[in-house]
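Here's the structure, in C-alpha coordinates; my notes come after.
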Amino acid sequence: MLMSTLPFASVPTMVFSMKTPSFQSNSPKQWCIQSCYNHHPSRRLALFQLGTAIPQSQLLAANAAKLFGAERNSIEDGKSENIATVFKEEDALNWVKNDNRRMLHVVYLVGDLEKTIKFYTECLGMKVLRKRDIPEERYSNAFLGYGPEDSHFAVELTYNYGVDKYDIGNGFGHFGIAVDDASKAVDLVKAKGGKVTREPGPVKGGNTIIAFIEDPDGYTFELLERQPTPEPFCQVMLRVGDLDRSINFYKKAFGMELLRAKDNPEYKYTNAMMGYGPEDKNAVLELTYNYGVTEYDKGNGYAQIAIGTNDVYKTAEAIKLCGGTVIREPGPLPGINTKITVCLDPDGWKSVFVDNIDFLKELE
(Lines give C-alpha, C1' and ligand atoms only; values in the text may rest on other atoms or scores of the structure.)
Protein backbone atom coordinates (compact mmCIF):
# COMPACT_ATOMS: atom_id res chain seq x y z
CA MET A 1 0.00 0.00 0.00
CA LEU A 2 1.08 3.58 -0.48
CA MET A 3 2.15 5.43 2.62
CA SER A 4 2.96 8.69 0.86
CA THR A 5 -0.19 10.68 0.22
CA LEU A 6 -1.14 12.68 3.30
CA PRO A 7 0.38 14.67 6.15
CA PHE A 8 0.96 13.28 9.61
CA ALA A 9 -1.13 14.48 12.45
CA SER A 10 1.18 15.85 15.09
CA VAL A 11 0.75 14.26 18.52
CA PRO A 12 2.62 14.46 21.78
CA THR A 13 5.62 12.23 22.21
CA MET A 14 5.42 9.76 25.08
CA VAL A 15 8.54 9.23 27.14
CA PHE A 16 9.72 5.62 27.39
CA SER A 17 9.09 5.15 31.08
CA MET A 18 9.23 1.45 31.88
CA LYS A 19 12.31 -0.45 32.94
CA THR A 20 14.07 -2.37 30.21
CA PRO A 21 15.23 -5.91 30.92
CA SER A 22 18.92 -6.55 31.26
CA PHE A 23 20.34 -8.12 28.12
CA GLN A 24 22.79 -10.77 29.14
CA SER A 25 25.13 -10.52 26.17
CA ASN A 26 25.74 -6.79 26.25
CA SER A 27 23.84 -3.73 27.34
CA PRO A 28 24.76 -1.59 25.06
CA LYS A 29 17.63 12.91 7.36
CA GLN A 30 14.31 11.14 8.62
CA TRP A 31 12.58 10.03 5.43
CA CYS A 32 10.15 12.43 3.90
CA ILE A 33 8.52 12.38 0.47
CA GLN A 34 7.77 15.86 -0.78
CA SER A 35 4.07 15.15 -1.09
CA CYS A 36 3.69 12.89 1.94
CA TYR A 37 3.98 12.89 5.70
CA ASN A 38 5.40 15.98 7.37
CA HIS A 39 6.21 15.27 10.98
CA HIS A 40 6.44 18.32 13.21
CA PRO A 41 7.59 17.09 16.64
CA SER A 42 5.56 18.46 19.50
CA ARG A 43 6.68 18.94 23.09
CA ARG A 44 7.55 15.79 24.94
CA LEU A 45 5.10 15.00 27.73
CA ALA A 46 5.95 12.68 30.57
CA LEU A 47 3.74 9.61 30.87
CA PHE A 48 3.19 10.38 34.52
CA GLN A 49 3.03 13.97 35.71
CA LEU A 50 2.69 15.46 39.18
CA GLY A 51 0.78 18.59 40.10
CA THR A 52 -2.72 19.97 40.05
CA ALA A 53 -3.26 19.58 36.28
CA ILE A 54 -4.86 16.39 34.99
CA PRO A 55 -1.99 13.93 34.50
CA GLN A 56 -1.22 12.74 30.99
CA SER A 57 -1.40 9.20 32.35
CA GLN A 58 -5.03 9.70 33.37
CA LEU A 59 -5.96 10.82 29.87
CA LEU A 60 -4.02 7.92 28.36
CA ALA A 61 -5.53 5.36 30.70
CA ALA A 62 -9.02 6.69 29.99
CA ASN A 63 -8.54 6.21 26.26
CA ALA A 64 -7.16 2.73 26.84
CA ALA A 65 -10.07 1.84 29.12
CA LYS A 66 -12.53 2.69 26.37
CA LEU A 67 -10.67 0.64 23.79
CA PHE A 68 -9.80 -2.40 25.88
CA GLY A 69 -13.15 -2.62 27.68
CA ALA A 70 -11.90 -2.28 31.25
CA GLU A 71 -14.04 -0.42 33.76
CA ARG A 72 -12.42 2.24 35.92
CA ASN A 73 -13.44 3.23 39.42
CA SER A 74 -12.89 6.72 40.73
CA ILE A 75 -9.25 7.50 41.46
CA GLU A 76 -8.61 9.06 44.83
CA ASP A 77 -4.86 9.46 44.81
CA GLY A 78 -1.77 9.26 42.65
CA LYS A 79 -0.94 5.74 43.77
CA SER A 80 -4.33 4.44 42.70
CA GLU A 81 -3.92 6.22 39.37
CA ASN A 82 -0.60 4.48 38.75
CA ILE A 83 -2.09 1.10 39.62
CA ALA A 84 -5.01 1.71 37.26
CA THR A 85 -2.65 2.77 34.47
CA VAL A 86 -0.52 -0.34 34.92
CA PHE A 87 -3.66 -2.46 34.81
CA LYS A 88 -4.67 -0.87 31.51
CA GLU A 89 -1.15 -1.43 30.22
CA GLU A 90 -1.43 -5.12 31.02
CA ASP A 91 -4.74 -5.28 29.14
CA ALA A 92 -3.10 -3.64 26.15
CA LEU A 93 -0.07 -5.94 26.19
CA ASN A 94 -2.27 -9.03 26.38
CA TRP A 95 -4.25 -7.78 23.41
CA VAL A 96 -1.05 -7.11 21.44
CA LYS A 97 0.14 -10.67 22.07
CA ASN A 98 -3.11 -12.07 20.65
CA ASP A 99 -3.38 -9.67 17.71
CA ASN A 100 -2.97 -11.13 14.21
CA ARG A 101 0.24 -9.43 13.10
CA ARG A 102 2.57 -9.97 10.16
CA MET A 103 5.27 -7.92 8.44
CA LEU A 104 3.63 -6.88 5.15
CA HIS A 105 6.22 -4.86 3.25
CA VAL A 106 9.11 -2.46 3.59
CA VAL A 107 9.02 0.95 1.92
CA TYR A 108 11.95 2.90 0.48
CA LEU A 109 12.73 5.43 -2.24
CA VAL A 110 14.54 4.84 -5.51
CA GLY A 111 15.85 7.13 -8.23
CA ASP A 112 14.89 5.04 -11.28
CA LEU A 113 11.94 2.71 -10.79
CA GLU A 114 12.32 0.69 -13.98
CA LYS A 115 16.07 0.22 -13.49
CA THR A 116 15.49 -1.02 -9.94
CA ILE A 117 12.69 -3.36 -11.00
CA LYS A 118 14.96 -4.83 -13.67
CA PHE A 119 17.71 -5.47 -11.10
CA TYR A 120 15.36 -7.09 -8.57
CA THR A 121 13.69 -9.36 -11.12
CA GLU A 122 16.82 -10.40 -13.03
CA CYS A 123 19.37 -10.54 -10.20
CA LEU A 124 17.29 -11.36 -7.13
CA GLY A 125 14.52 -13.39 -8.74
CA MET A 126 11.68 -11.24 -7.44
CA LYS A 127 8.39 -10.82 -9.27
CA VAL A 128 6.45 -7.61 -9.86
CA LEU A 129 3.27 -7.96 -7.82
CA ARG A 130 1.62 -4.63 -8.67
CA LYS A 131 2.47 -1.13 -9.94
CA ARG A 132 0.75 2.20 -10.02
CA ASP A 133 1.48 5.70 -11.25
CA ILE A 134 -0.08 8.72 -9.54
CA PRO A 135 0.76 11.66 -11.83
CA GLU A 136 -1.33 14.17 -9.88
CA GLU A 137 0.89 13.46 -6.85
CA ARG A 138 4.03 13.11 -9.00
CA TYR A 139 5.11 9.66 -7.90
CA SER A 140 4.98 6.00 -8.93
CA ASN A 141 5.44 2.86 -6.89
CA ALA A 142 5.83 -0.86 -7.38
CA PHE A 143 5.53 -3.90 -5.13
CA LEU A 144 7.88 -6.84 -5.66
CA GLY A 145 8.44 -10.09 -3.81
CA TYR A 146 8.58 -13.86 -3.95
CA GLY A 147 4.89 -14.61 -3.57
CA PRO A 148 1.41 -13.09 -3.12
CA GLU A 149 1.25 -10.12 -0.77
CA ASP A 150 -1.44 -11.72 1.35
CA SER A 151 1.11 -14.28 2.55
CA HIS A 152 4.60 -12.95 1.72
CA PHE A 153 6.80 -10.05 2.73
CA ALA A 154 7.37 -7.57 -0.12
CA VAL A 155 9.23 -4.42 -1.07
CA GLU A 156 7.41 -1.22 -1.94
CA LEU A 157 9.59 0.92 -4.18
CA THR A 158 8.59 4.57 -4.48
CA TYR A 159 9.82 6.93 -7.21
CA ASN A 160 9.21 10.67 -6.85
CA TYR A 161 9.17 12.49 -10.17
CA GLY A 162 12.46 14.25 -10.84
CA VAL A 163 14.33 12.86 -7.81
CA ASP A 164 17.10 10.49 -8.87
CA LYS A 165 19.17 10.14 -5.72
CA TYR A 166 18.66 9.67 -1.98
CA ASP A 167 20.85 9.63 1.09
CA ILE A 168 20.69 6.18 2.69
CA GLY A 169 22.55 7.24 5.83
CA ASN A 170 24.35 4.83 8.14
CA GLY A 171 21.45 3.64 10.31
CA PHE A 172 19.88 1.35 7.73
CA GLY A 173 21.86 -1.87 7.46
CA HIS A 174 20.62 -4.25 4.79
CA PHE A 175 17.86 -6.43 3.45
CA GLY A 176 18.34 -10.18 3.70
CA ILE A 177 17.63 -12.64 0.87
CA ALA A 178 17.87 -16.40 1.39
CA VAL A 179 19.52 -18.23 -1.53
CA ASP A 180 20.34 -21.87 -2.21
CA ASP A 181 23.89 -21.09 -3.39
CA ALA A 182 25.52 -17.76 -2.53
CA SER A 183 28.32 -18.20 -5.09
CA LYS A 184 25.90 -18.78 -7.96
CA ALA A 185 23.79 -15.84 -6.82
CA VAL A 186 26.85 -13.58 -6.79
CA ASP A 187 27.93 -14.81 -10.23
CA LEU A 188 24.50 -13.86 -11.59
CA VAL A 189 24.72 -10.38 -10.05
CA LYS A 190 28.14 -9.89 -11.63
CA ALA A 191 26.91 -11.12 -15.01
CA LYS A 192 24.12 -8.54 -14.90
CA GLY A 193 26.55 -5.75 -14.05
CA GLY A 194 25.66 -5.56 -10.36
CA LYS A 195 27.98 -4.50 -7.56
CA VAL A 196 29.34 -7.11 -5.14
CA THR A 197 30.72 -5.61 -1.92
CA ARG A 198 31.58 -8.88 -0.15
CA GLU A 199 32.42 -12.15 -1.82
CA PRO A 200 30.75 -15.32 -0.49
CA GLY A 201 32.23 -16.68 2.72
CA PRO A 202 31.41 -17.55 6.34
CA VAL A 203 29.79 -14.84 8.44
CA LYS A 204 32.01 -13.34 11.13
CA GLY A 205 31.78 -15.52 14.21
CA GLY A 206 29.66 -18.19 12.50
CA ASN A 207 29.35 -20.77 9.72
CA THR A 208 26.57 -19.41 7.49
CA ILE A 209 27.84 -18.52 4.01
CA ILE A 210 26.91 -14.96 3.13
CA ALA A 211 27.69 -12.30 0.51
CA PHE A 212 26.79 -8.64 0.16
CA ILE A 213 25.65 -6.80 -2.95
CA GLU A 214 24.25 -3.34 -3.69
CA ASP A 215 21.25 -2.43 -5.81
CA PRO A 216 21.35 0.53 -8.27
CA ASP A 217 20.48 3.00 -5.50
CA GLY A 218 23.09 1.73 -3.07
CA TYR A 219 20.82 -0.28 -0.76
CA THR A 220 22.73 -3.28 0.59
CA PHE A 221 21.41 -6.83 0.28
CA GLU A 222 22.83 -9.71 2.27
CA LEU A 223 22.62 -13.04 0.45
CA LEU A 224 22.33 -15.84 3.03
CA GLU A 225 22.94 -19.42 1.94
CA ARG A 226 20.06 -21.43 3.44
CA GLN A 227 17.82 -24.37 2.85
CA PRO A 228 14.76 -23.64 0.67
CA THR A 229 12.27 -21.41 2.47
CA PRO A 230 8.73 -20.18 1.73
CA GLU A 231 9.96 -16.63 2.47
CA PRO A 232 13.25 -15.81 0.69
CA PHE A 233 12.92 -12.11 1.56
CA CYS A 234 13.93 -12.84 5.13
CA GLN A 235 15.42 -9.81 6.90
CA VAL A 236 15.44 -6.06 7.41
CA MET A 237 18.43 -4.92 9.46
CA LEU A 238 18.41 -1.60 11.34
CA ARG A 239 21.01 -0.22 13.72
CA VAL A 240 19.91 0.91 17.19
CA GLY A 241 21.55 2.81 20.05
CA ASP A 242 20.32 0.68 22.96
CA LEU A 243 19.55 -2.96 22.20
CA ASP A 244 17.89 -3.76 25.53
CA ARG A 245 15.53 -0.82 25.08
CA SER A 246 14.70 -1.78 21.50
CA ILE A 247 14.06 -5.44 22.35
CA ASN A 248 11.76 -4.42 25.17
CA PHE A 249 9.86 -1.99 22.95
CA TYR A 250 9.34 -4.38 20.04
CA LYS A 251 8.26 -7.19 22.36
CA LYS A 252 5.71 -5.10 24.25
CA ALA A 253 4.48 -2.49 21.76
CA PHE A 254 4.75 -4.59 18.58
CA GLY A 255 4.14 -8.05 20.02
CA MET A 256 7.27 -9.46 18.38
CA GLU A 257 9.19 -12.41 19.77
CA LEU A 258 12.88 -12.34 20.52
CA LEU A 259 13.91 -15.23 18.27
CA ARG A 260 17.62 -15.16 19.06
CA ALA A 261 20.37 -12.79 20.10
CA LYS A 262 24.14 -12.95 19.94
CA ASP A 263 26.93 -10.84 21.33
CA ASN A 264 30.10 -10.64 19.22
CA PRO A 265 32.67 -8.93 21.46
CA GLU A 266 35.56 -9.65 19.08
CA TYR A 267 33.77 -7.60 16.42
CA LYS A 268 32.20 -5.16 18.91
CA TYR A 269 28.56 -5.61 18.03
CA THR A 270 25.45 -7.40 19.31
CA ASN A 271 22.39 -8.30 17.27
CA ALA A 272 18.91 -9.62 17.93
CA MET A 273 16.34 -11.19 15.63
CA MET A 274 12.73 -10.10 16.28
CA GLY A 275 9.65 -11.33 14.47
CA TYR A 276 6.25 -12.98 14.39
CA GLY A 277 7.39 -16.51 13.66
CA PRO A 278 10.44 -18.70 13.04
CA GLU A 279 13.19 -17.30 10.82
CA ASP A 280 13.06 -20.15 8.33
CA LYS A 281 9.45 -19.30 7.42
CA ASN A 282 9.03 -15.57 8.08
CA ALA A 283 10.68 -12.23 7.49
CA VAL A 284 12.32 -10.85 10.63
CA LEU A 285 13.65 -7.56 11.95
CA GLU A 286 17.35 -7.69 12.76
CA LEU A 287 18.41 -5.07 15.31
CA THR A 288 22.14 -4.37 15.57
CA TYR A 289 23.97 -2.51 18.31
CA ASN A 290 27.55 -1.41 17.64
CA TYR A 291 29.51 -0.92 20.85
CA GLY A 292 29.53 2.72 21.93
CA VAL A 293 27.33 4.05 19.09
CA THR A 294 24.04 5.51 20.27
CA GLU A 295 22.87 7.58 17.29
CA TYR A 296 22.77 7.11 13.53
CA ASP A 297 22.02 9.18 10.44
CA LYS A 298 18.84 7.74 8.93
CA GLY A 299 19.18 9.60 5.64
CA ASN A 300 16.06 10.10 3.52
CA GLY A 301 15.90 6.91 1.46
CA TYR A 302 14.74 4.14 3.76
CA ALA A 303 11.19 4.79 4.95
CA GLN A 304 9.34 2.22 7.06
CA ILE A 305 8.04 -1.28 7.62
CA ALA A 306 4.30 -1.96 7.30
CA ILE A 307 2.74 -4.42 9.74
CA GLY A 308 -0.76 -5.90 9.68
CA THR A 309 -3.09 -5.62 12.69
CA ASN A 310 -6.71 -6.39 13.46
CA ASP A 311 -7.28 -2.95 15.03
CA VAL A 312 -5.20 0.17 14.38
CA TYR A 313 -6.96 2.06 17.17
CA LYS A 314 -6.02 -0.43 19.87
CA THR A 315 -2.55 -0.70 18.34
CA ALA A 316 -1.98 3.04 18.68
CA GLU A 317 -3.09 3.07 22.33
CA ALA A 318 -0.86 0.09 23.14
CA ILE A 319 2.12 1.83 21.54
CA LYS A 320 1.49 4.94 23.64
CA LEU A 321 1.15 2.91 26.82
CA CYS A 322 4.51 1.29 26.04
CA GLY A 323 6.18 4.66 25.65
CA GLY A 324 6.13 4.80 21.87
CA THR A 325 5.48 7.84 19.72
CA VAL A 326 2.42 7.88 17.47
CA ILE A 327 3.00 10.39 14.67
CA ARG A 328 -0.23 9.68 12.80
CA GLU A 329 -3.31 8.90 14.82
CA PRO A 330 -5.29 5.87 13.66
CA GLY A 331 -7.83 6.38 10.92
CA PRO A 332 -8.59 5.84 7.22
CA LEU A 333 -6.44 7.12 4.39
CA PRO A 334 -8.32 9.55 2.15
CA GLY A 335 -9.38 8.03 -1.13
CA ILE A 336 -8.79 4.35 -0.34
CA ASN A 337 -10.15 4.25 3.22
CA THR A 338 -7.47 1.85 4.44
CA LYS A 339 -7.08 2.40 8.17
CA ILE A 340 -3.52 2.96 9.41
CA THR A 341 -1.55 4.38 12.28
CA VAL A 342 2.11 5.44 12.18
CA CYS A 343 4.63 5.32 15.00
CA LEU A 344 8.31 5.72 15.83
CA ASP A 345 10.42 3.36 17.89
CA PRO A 346 12.86 4.69 20.55
CA ASP A 347 15.53 5.25 17.85
CA GLY A 348 13.14 7.08 15.52
CA TRP A 349 12.60 4.21 13.05
CA LYS A 350 9.15 4.47 11.52
CA SER A 351 6.54 1.70 11.26
CA VAL A 352 3.03 1.75 9.79
CA PHE A 353 0.32 -0.53 11.13
CA VAL A 354 -2.33 -1.41 8.55
CA ASP A 355 -5.78 -2.86 9.15
CA ASN A 356 -5.70 -6.48 7.99
CA ILE A 357 -9.12 -6.50 6.33
CA ASP A 358 -8.52 -3.18 4.59
CA PHE A 359 -5.14 -4.42 3.32
CA LEU A 360 -6.73 -7.49 1.73
CA LYS A 361 -9.33 -5.25 0.07
CA GLU A 362 -6.49 -3.24 -1.46
CA LEU A 363 -5.18 -6.40 -3.07
CA GLU A 364 -8.50 -7.32 -4.71
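Letters for chains follow the order of the C-alpha coordinates (A, B, ...), residue numbers begin at 1 for each chain, and ligand numbers begin at 1 in the order shown.
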Where does range 176-210 of chain A meet range 226-229 of chain A within 6 Å, residue by residue, with the nearest atom pair and distance in Å to one decimal for each, counting only C-alpha atoms, listed by chain and rising number, as JSON lines?
```
{"residue": "A:Ala178", "atom": "CA", "partner": "A:Arg226", "partner_atom": "CA", "distance": 5.9}
{"residue": "A:Val179", "atom": "CA", "partner": "A:Arg226", "partner_atom": "CA", "distance": 5.9}
{"residue": "A:Asp180", "atom": "CA", "partner": "A:Arg226", "partner_atom": "CA", "distance": 5.7}
```
N, CA and C atoms of the current selection, written as a PDB file, in the first residue's frame:
```
ATOM      1  N   ALA A 178      17.400 -15.022   1.269  1.00  0.00           N
ATOM      2  CA  ALA A 178      17.866 -16.404   1.390  1.00  0.00           C
ATOM      3  C   ALA A 178      18.048 -17.001   0.002  1.00  0.00           C
ATOM      4  N   VAL A 179      19.205 -17.624  -0.230  1.00  0.00           N
ATOM      5  CA  VAL A 179      19.516 -18.233  -1.531  1.00  0.00           C
ATOM      6  C   VAL A 179      20.034 -19.651  -1.306  1.00  0.00           C
ATOM      7  N   ASP A 180      19.854 -20.491  -2.312  1.00  0.00           N
ATOM      8  CA  ASP A 180      20.345 -21.872  -2.212  1.00  0.00           C
ATOM      9  C   ASP A 180      21.862 -21.935  -2.300  1.00  0.00           C
TER      10      ASP A 180
END
```
List every residue of range 207-320 of chain A that has an atom at most 8 Å from any atom of range 94-110 of chain A, giving for each one its closest atom pair and the distance in Å to one decimal, counting only C-alpha atoms, sorted by chain and then by ascending residue number, as JSON lines.
```
{"residue": "A:Asp217", "atom": "CA", "partner": "A:Val110", "partner_atom": "CA", "distance": 6.2}
{"residue": "A:Lys252", "atom": "CA", "partner": "A:Val96", "partner_atom": "CA", "distance": 7.6}
{"residue": "A:Ala253", "atom": "CA", "partner": "A:Val96", "partner_atom": "CA", "distance": 7.2}
{"residue": "A:Phe254", "atom": "CA", "partner": "A:Val96", "partner_atom": "CA", "distance": 6.9}
{"residue": "A:Gly255", "atom": "CA", "partner": "A:Lys97", "partner_atom": "CA", "distance": 5.2}
{"residue": "A:Tyr276", "atom": "CA", "partner": "A:Arg102", "partner_atom": "CA", "distance": 6.4}
{"residue": "A:Ala283", "atom": "CA", "partner": "A:Met103", "partner_atom": "CA", "distance": 7.0}
{"residue": "A:Val284", "atom": "CA", "partner": "A:Met103", "partner_atom": "CA", "distance": 7.9}
{"residue": "A:Gly301", "atom": "CA", "partner": "A:Leu109", "partner_atom": "CA", "distance": 5.1}
{"residue": "A:Tyr302", "atom": "CA", "partner": "A:Tyr108", "partner_atom": "CA", "distance": 4.5}
{"residue": "A:Ala303", "atom": "CA", "partner": "A:Tyr108", "partner_atom": "CA", "distance": 4.9}
{"residue": "A:Gln304", "atom": "CA", "partner": "A:Val107", "partner_atom": "CA", "distance": 5.3}
{"residue": "A:Ile305", "atom": "CA", "partner": "A:Val106", "partner_atom": "CA", "distance": 4.3}
{"residue": "A:Ala306", "atom": "CA", "partner": "A:His105", "partner_atom": "CA", "distance": 5.3}
{"residue": "A:Ile307", "atom": "CA", "partner": "A:Met103", "partner_atom": "CA", "distance": 4.5}
{"residue": "A:Gly308", "atom": "CA", "partner": "A:Arg101", "partner_atom": "CA", "distance": 5.0}
{"residue": "A:Thr309", "atom": "CA", "partner": "A:Arg101", "partner_atom": "CA", "distance": 5.1}
{"residue": "A:Asn310", "atom": "CA", "partner": "A:Asn100", "partner_atom": "CA", "distance": 6.1}
{"residue": "A:Thr315", "atom": "CA", "partner": "A:Val96", "partner_atom": "CA", "distance": 7.3}
{"residue": "A:Ala318", "atom": "CA", "partner": "A:Val96", "partner_atom": "CA", "distance": 7.4}
```
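Checking A:Leu224, A:Asn160, A:Ile177, A:Glu149 one by one against Pro135 in chain A, counting only C-alpha atoms, you find the shortest gap at A:Asn160.
For the residues A:Asp167, A:Tyr219, A:Asn290, A:Ala261, ranking by smallest atom-to-atom distance to Tyr120 in chain A using only C-alpha atoms places A:Tyr219 first.
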